[in-house]
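Colleague: For reference, the structure I am asking about is given below.
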There are 2 protein chains.
Amino acid sequence: MKHNIDPKLDLVLERHTDVSPALVWKAWTKPEHVAQWFAPRPWTTAECEIDLRPGGQFKFVMRSPEGQLYPNIGCYLEVVPNERLVWTDALLPGYRPSPEPFFTGAVLLESDGKGGTNYTAIAIHRDEEGRKKHEAMGFHEGWGQVYDQMIEFTKKTKL
Amino acid sequence: MKHNIDPKLDLVLERHTDVSPALVWKAWTKPEHVAQWFAPRPWTTAECEIDLRPGGQFKFVMRSPEGQLYPNIGCYLEVVPNERLVWTDALLPGYRPSPEPFFTGAVLLESDGKGGTNYTAIAIHRDEEGRKKHEAMGFHEGWGQVYDQMIEFTKKTKL
């Protein structure tokens, strides 16, 4: 998938890091790694399950500081190691249409030619209302914070 | 994708034909072929567009005998030549969540070892209500009829 970003409907986070595409890929695709960084602190990860193939499950349960659980269940669409990970909550595992579709997520990794990564994360919404809602929920701060947590994690743990 | 059929949520059409998987695949994936058989007569095809790759468009506009147009726009999910074609109307092309999700469709082709095909078509719904609605719309008659039209077409035109 090459994605043509529609600024009315999509939200985008772009970053550059000296961490390699292979390490970013690992951080994103192993449940024990994802659990370390995917919830924006002080939120935490209660549960993470990954079945890394098109049609497979991406389940993530976040715990708020008050202890409330927020489950998300999605389905992977494209799995291209070290390059492209696409999933959606519009489908459940096995591609079954879901009761509460909100967005499709894409993480695109490109080598910068010097060992690092040009990193693009995209949230693809159904309509302008969905994009605005996600923005108001704090998309830029939230996705920016967990990106920072992810980079910190890859450096600290030497994946 | 291996699909575990859920009889409460899924509808299934199973057939055997002496037409080869390769010919059935052609009939399903070239817009000029699809246009010849995909609308149950006396309905006709007003338009068909196919971008045959995961994330690509499957657009089909049917014309009723009274001349009314019924557009369907979906997105391919899995494209495995001569074996497996999966698409959904829960996503628009580029995996954007759609305004009116109804079902995911899967066509599975298996060689019968004698040149023919064991053919399975599955409609995967969100909930029991969706499955019942599709059944009441005439799933078995409709998908059965267009299957027959497809086989007739492949034999008549020697793809």
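Following the order of the structure tokens, first chain is A, next is B, and so on, with residues numbered from 1 inside each chain and ligands from 1 in the order they appear.
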Please report as a list in words which residues of chain B come no farther than 7 Å from chain A, using only C-alpha atoms.

Modeller: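 Here is what falls inside 7 Å: Met1, His3, Gly55, Leu77, Ala90, Gly94, Tyr95, Arg96, Pro97, Ser98, Pro99, Pro101, Phe103, Thr104, Ile124, His125 and Arg126 of chain B.
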
Colleague: Write out as CSV a residue-level contact list of segment 16-103 of chain A versus segment 149-153 of chain A with cut-off 10 Å: for each qualifying residue the closest pair of atoms and the distance in Å to one decimal, counting only C-alpha atoms, rows sorted by chain and residue number upward.

Modeller:
residue,atom,partner,partner_atom,distance
A:Thr17,CA,A:Ile151,CA,7.8
A:Asp18,CA,A:Ile151,CA,9.2
A:Val19,CA,A:Ile151,CA,7.3
A:Leu23,CA,A:Ile151,CA,9.3
A:Val24,CA,A:Ile151,CA,7.8
A:Ala27,CA,A:Met150,CA,7.0
A:Trp28,CA,A:Met150,CA,8.4
A:His33,CA,A:Phe153,CA,8.3
A:Val34,CA,A:Met150,CA,8.2
A:Gln36,CA,A:Phe153,CA,7.3
A:Trp37,CA,A:Met150,CA,5.3
A:Phe38,CA,A:Met150,CA,7.3
A:Ala39,CA,A:Gln149,CA,8.9
A:Pro40,CA,A:Gln149,CA,7.9
A:Arg41,CA,A:Gln149,CA,8.7

Colleague: Just need chain A moved onto chain B: least-squares over all Cα atoms matched in order, then output as a CSV table (one decimal) with C-alpha atoms, in the first residue's frame.

Modeller:
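Listing of part-v1.csv after writing:
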chain,number,residue,atom,x,y,z
A,1,MET,CA,-6.5,-16.7,5.7
A,2,LYS,CA,-8.1,-19.9,6.8
A,3,HIS,CA,-11.6,-19.1,7.8
A,4,ASN,CA,-13.4,-20.9,10.5
A,5,ILE,CA,-17.0,-20.6,9.5
A,6,ASP,CA,-19.4,-19.4,12.2
A,7,PRO,CA,-22.9,-20.6,11.2
A,8,LYS,CA,-24.5,-17.8,13.2
A,9,LEU,CA,-22.6,-15.1,11.4
A,10,ASP,CA,-21.5,-16.4,8.1
A,11,LEU,CA,-23.2,-17.6,4.9
A,12,VAL,CA,-21.6,-20.1,2.7
A,13,LEU,CA,-22.1,-21.3,-0.9
A,14,GLU,CA,-20.2,-24.5,-1.8
A,15,ARG,CA,-20.0,-26.0,-5.3
A,16,HIS,CA,-18.0,-28.3,-7.5
A,17,THR,CA,-17.2,-27.6,-11.1
A,18,ASP,CA,-15.1,-29.1,-13.9
A,19,VAL,CA,-13.8,-25.6,-14.7
A,20,SER,CA,-10.2,-25.1,-13.5
A,21,PRO,CA,-9.2,-22.8,-10.6
A,22,ALA,CA,-7.3,-20.7,-13.1
A,23,LEU,CA,-10.4,-20.0,-15.2
A,24,VAL,CA,-12.6,-19.3,-12.2
A,25,TRP,CA,-9.9,-16.9,-11.0
A,26,LYS,CA,-9.9,-15.1,-14.4
A,27,ALA,CA,-13.7,-14.8,-14.3
A,28,TRP,CA,-13.5,-13.2,-10.9
A,29,THR,CA,-10.6,-10.8,-11.4
A,30,LYS,CA,-10.9,-9.2,-14.8
A,31,PRO,CA,-13.5,-6.4,-14.9
A,32,GLU,CA,-14.6,-7.1,-18.4
A,33,HIS,CA,-15.3,-10.7,-17.3
A,34,VAL,CA,-17.0,-9.8,-14.0
A,35,ALA,CA,-19.3,-7.5,-15.9
A,36,GLN,CA,-20.6,-10.5,-17.9
A,37,TRP,CA,-21.9,-12.6,-14.9
A,38,PHE,CA,-21.7,-10.8,-11.5
A,39,ALA,CA,-25.2,-9.2,-11.7
A,40,PRO,CA,-28.1,-11.8,-11.3
A,41,ARG,CA,-30.2,-11.5,-14.5
A,42,PRO,CA,-32.3,-9.6,-15.4
A,43,TRP,CA,-30.0,-7.1,-13.5
A,44,THR,CA,-27.0,-5.9,-15.4
A,45,THR,CA,-23.6,-4.4,-14.8
A,46,ALA,CA,-23.3,-0.7,-15.3
A,47,GLU,CA,-19.7,-0.4,-14.2
A,48,CYS,CA,-16.9,-2.5,-12.8
A,49,GLU,CA,-13.4,-1.4,-11.7
A,50,ILE,CA,-10.8,-3.7,-10.3
A,51,ASP,CA,-7.4,-2.8,-8.8
A,52,LEU,CA,-6.3,-6.3,-7.9
A,53,ARG,CA,-4.0,-5.9,-4.9
A,54,PRO,CA,-4.5,-5.7,-1.2
A,55,GLY,CA,-5.8,-2.2,-0.5
A,56,GLY,CA,-7.0,-1.9,-4.1
A,57,GLN,CA,-10.5,-1.0,-5.2
A,58,PHE,CA,-13.3,-3.5,-6.1
A,59,LYS,CA,-16.1,-1.3,-7.5
A,60,PHE,CA,-19.3,-2.7,-8.9
A,61,VAL,CA,-22.4,-0.9,-10.0
A,62,MET,CA,-25.5,-2.9,-10.7
A,63,ARG,CA,-28.5,-1.7,-12.7
A,64,SER,CA,-31.9,-3.0,-11.8
A,65,PRO,CA,-34.4,-3.9,-14.6
A,66,GLU,CA,-36.0,-0.5,-13.9
A,67,GLY,CA,-32.7,1.3,-14.5
A,68,GLN,CA,-31.8,2.2,-11.0
A,69,LEU,CA,-28.1,2.0,-10.1
A,70,TYR,CA,-26.7,0.3,-7.0
A,71,PRO,CA,-23.1,1.0,-6.4
A,72,ASN,CA,-20.8,-1.1,-4.2
A,73,ILE,CA,-17.3,0.0,-3.4
A,74,GLY,CA,-15.0,-2.3,-1.5
A,75,CYS,CA,-11.4,-3.0,-0.9
A,76,TYR,CA,-9.4,-6.2,-1.7
A,77,LEU,CA,-7.7,-7.8,1.4
A,78,GLU,CA,-6.1,-11.0,0.0
A,79,VAL,CA,-5.2,-11.7,-3.6
A,80,VAL,CA,-3.7,-15.2,-4.0
A,81,PRO,CA,-4.0,-16.1,-7.7
A,82,ASN,CA,-6.1,-19.3,-8.4
A,83,GLU,CA,-6.6,-19.8,-4.7
A,84,ARG,CA,-8.1,-17.1,-2.6
A,85,LEU,CA,-9.7,-13.7,-3.1
A,86,VAL,CA,-10.9,-11.7,-0.1
A,87,TRP,CA,-12.5,-8.3,-0.1
A,88,THR,CA,-14.7,-6.2,2.2
A,89,ASP,CA,-17.1,-3.3,2.0
A,90,ALA,CA,-16.1,-2.4,5.6
A,91,LEU,CA,-13.1,-0.6,4.0
A,92,LEU,CA,-12.8,1.7,1.1
A,93,PRO,CA,-9.8,1.5,-1.2
A,94,GLY,CA,-6.6,2.4,0.8
A,95,TYR,CA,-8.2,0.6,3.8
A,96,ARG,CA,-10.2,3.7,4.8
A,97,PRO,CA,-13.1,2.6,7.1
A,98,SER,CA,-16.3,2.8,5.1
A,99,PRO,CA,-19.6,4.5,6.0
A,100,GLU,CA,-21.8,1.4,5.5
A,101,PRO,CA,-20.0,-1.8,6.4
A,102,PHE,CA,-22.1,-4.9,5.6
A,103,PHE,CA,-19.9,-7.9,4.8
A,104,THR,CA,-16.5,-9.4,3.9
A,105,GLY,CA,-16.5,-11.8,1.0
A,106,ALA,CA,-14.1,-14.7,0.4
A,107,VAL,CA,-13.8,-16.9,-2.6
A,108,LEU,CA,-11.7,-20.0,-2.0
A,109,LEU,CA,-10.6,-22.2,-4.9
A,110,GLU,CA,-9.2,-25.7,-4.4
A,111,SER,CA,-8.1,-28.0,-7.2
A,112,ASP,CA,-10.1,-31.3,-7.2
A,113,GLY,CA,-7.1,-33.1,-8.5
A,114,LYS,CA,-8.9,-33.8,-11.8
A,115,GLY,CA,-8.7,-30.4,-13.4
A,116,GLY,CA,-11.8,-29.0,-11.7
A,117,THR,CA,-12.5,-26.8,-8.7
A,118,ASN,CA,-13.9,-27.1,-5.3
A,119,TYR,CA,-15.5,-23.7,-4.9
A,120,THR,CA,-16.4,-22.0,-1.6
A,121,ALA,CA,-17.8,-18.5,-1.3
A,122,ILE,CA,-18.3,-17.0,2.1
A,123,ALA,CA,-20.1,-13.9,3.3
A,124,ILE,CA,-18.7,-12.8,6.7
A,125,HIS,CA,-21.0,-10.6,8.7
A,126,ARG,CA,-20.6,-8.4,11.8
A,127,ASP,CA,-23.5,-9.9,13.7
A,128,GLU,CA,-26.4,-12.3,13.5
A,129,GLU,CA,-28.6,-9.4,12.3
A,130,GLY,CA,-26.4,-8.9,9.3
A,131,ARG,CA,-26.3,-12.6,8.4
A,132,LYS,CA,-30.2,-12.8,8.7
A,133,LYS,CA,-30.6,-9.6,6.6
A,134,HIS,CA,-28.3,-11.0,3.9
A,135,GLU,CA,-30.2,-14.3,4.0
A,136,ALA,CA,-33.5,-12.6,3.6
A,137,MET,CA,-32.2,-10.5,0.7
A,138,GLY,CA,-31.8,-13.9,-1.1
A,139,PHE,CA,-28.1,-14.8,-0.5
A,140,HIS,CA,-28.4,-18.4,-1.4
A,141,GLU,CA,-30.5,-17.9,-4.6
A,142,GLY,CA,-28.5,-14.8,-5.7
A,143,TRP,CA,-25.0,-16.1,-5.1
A,144,GLY,CA,-26.1,-19.5,-6.5
A,145,GLN,CA,-27.5,-17.8,-9.6
A,146,VAL,CA,-24.4,-15.7,-10.3
A,147,TYR,CA,-22.2,-18.8,-9.7
A,148,ASP,CA,-24.2,-20.6,-12.4
A,149,GLN,CA,-23.8,-17.5,-14.7
A,150,MET,CA,-20.1,-17.5,-14.0
A,151,ILE,CA,-19.6,-21.1,-14.9
A,152,GLU,CA,-21.7,-20.7,-18.1
A,153,PHE,CA,-19.6,-17.7,-19.0
A,154,THR,CA,-16.3,-19.5,-18.6
A,155,LYS,CA,-17.5,-22.4,-20.8
A,156,LYS,CA,-19.1,-20.2,-23.4
A,157,THR,CA,-16.2,-17.8,-23.9
A,158,LYS,CA,-13.3,-20.2,-23.5
A,159,LEU,CA,-11.2,-17.7,-21.4

Colleague: Mind checking DSSP for segment 17-140 of chain A and telling me the alpha helix (DSSP H) residues as a list in words?

Modeller: Pro21, Ala22, Leu23, Val24, Trp25, Lys26, Ala27, Trp28, Thr29, Pro31, Glu32, His33, Val34, Ala35, Gln36, Trp37, Glu128, Glu129, Gly130, Arg131, Lys132, Lys133, His134, Glu135, Ala136, Phe139 and His140 of chain A
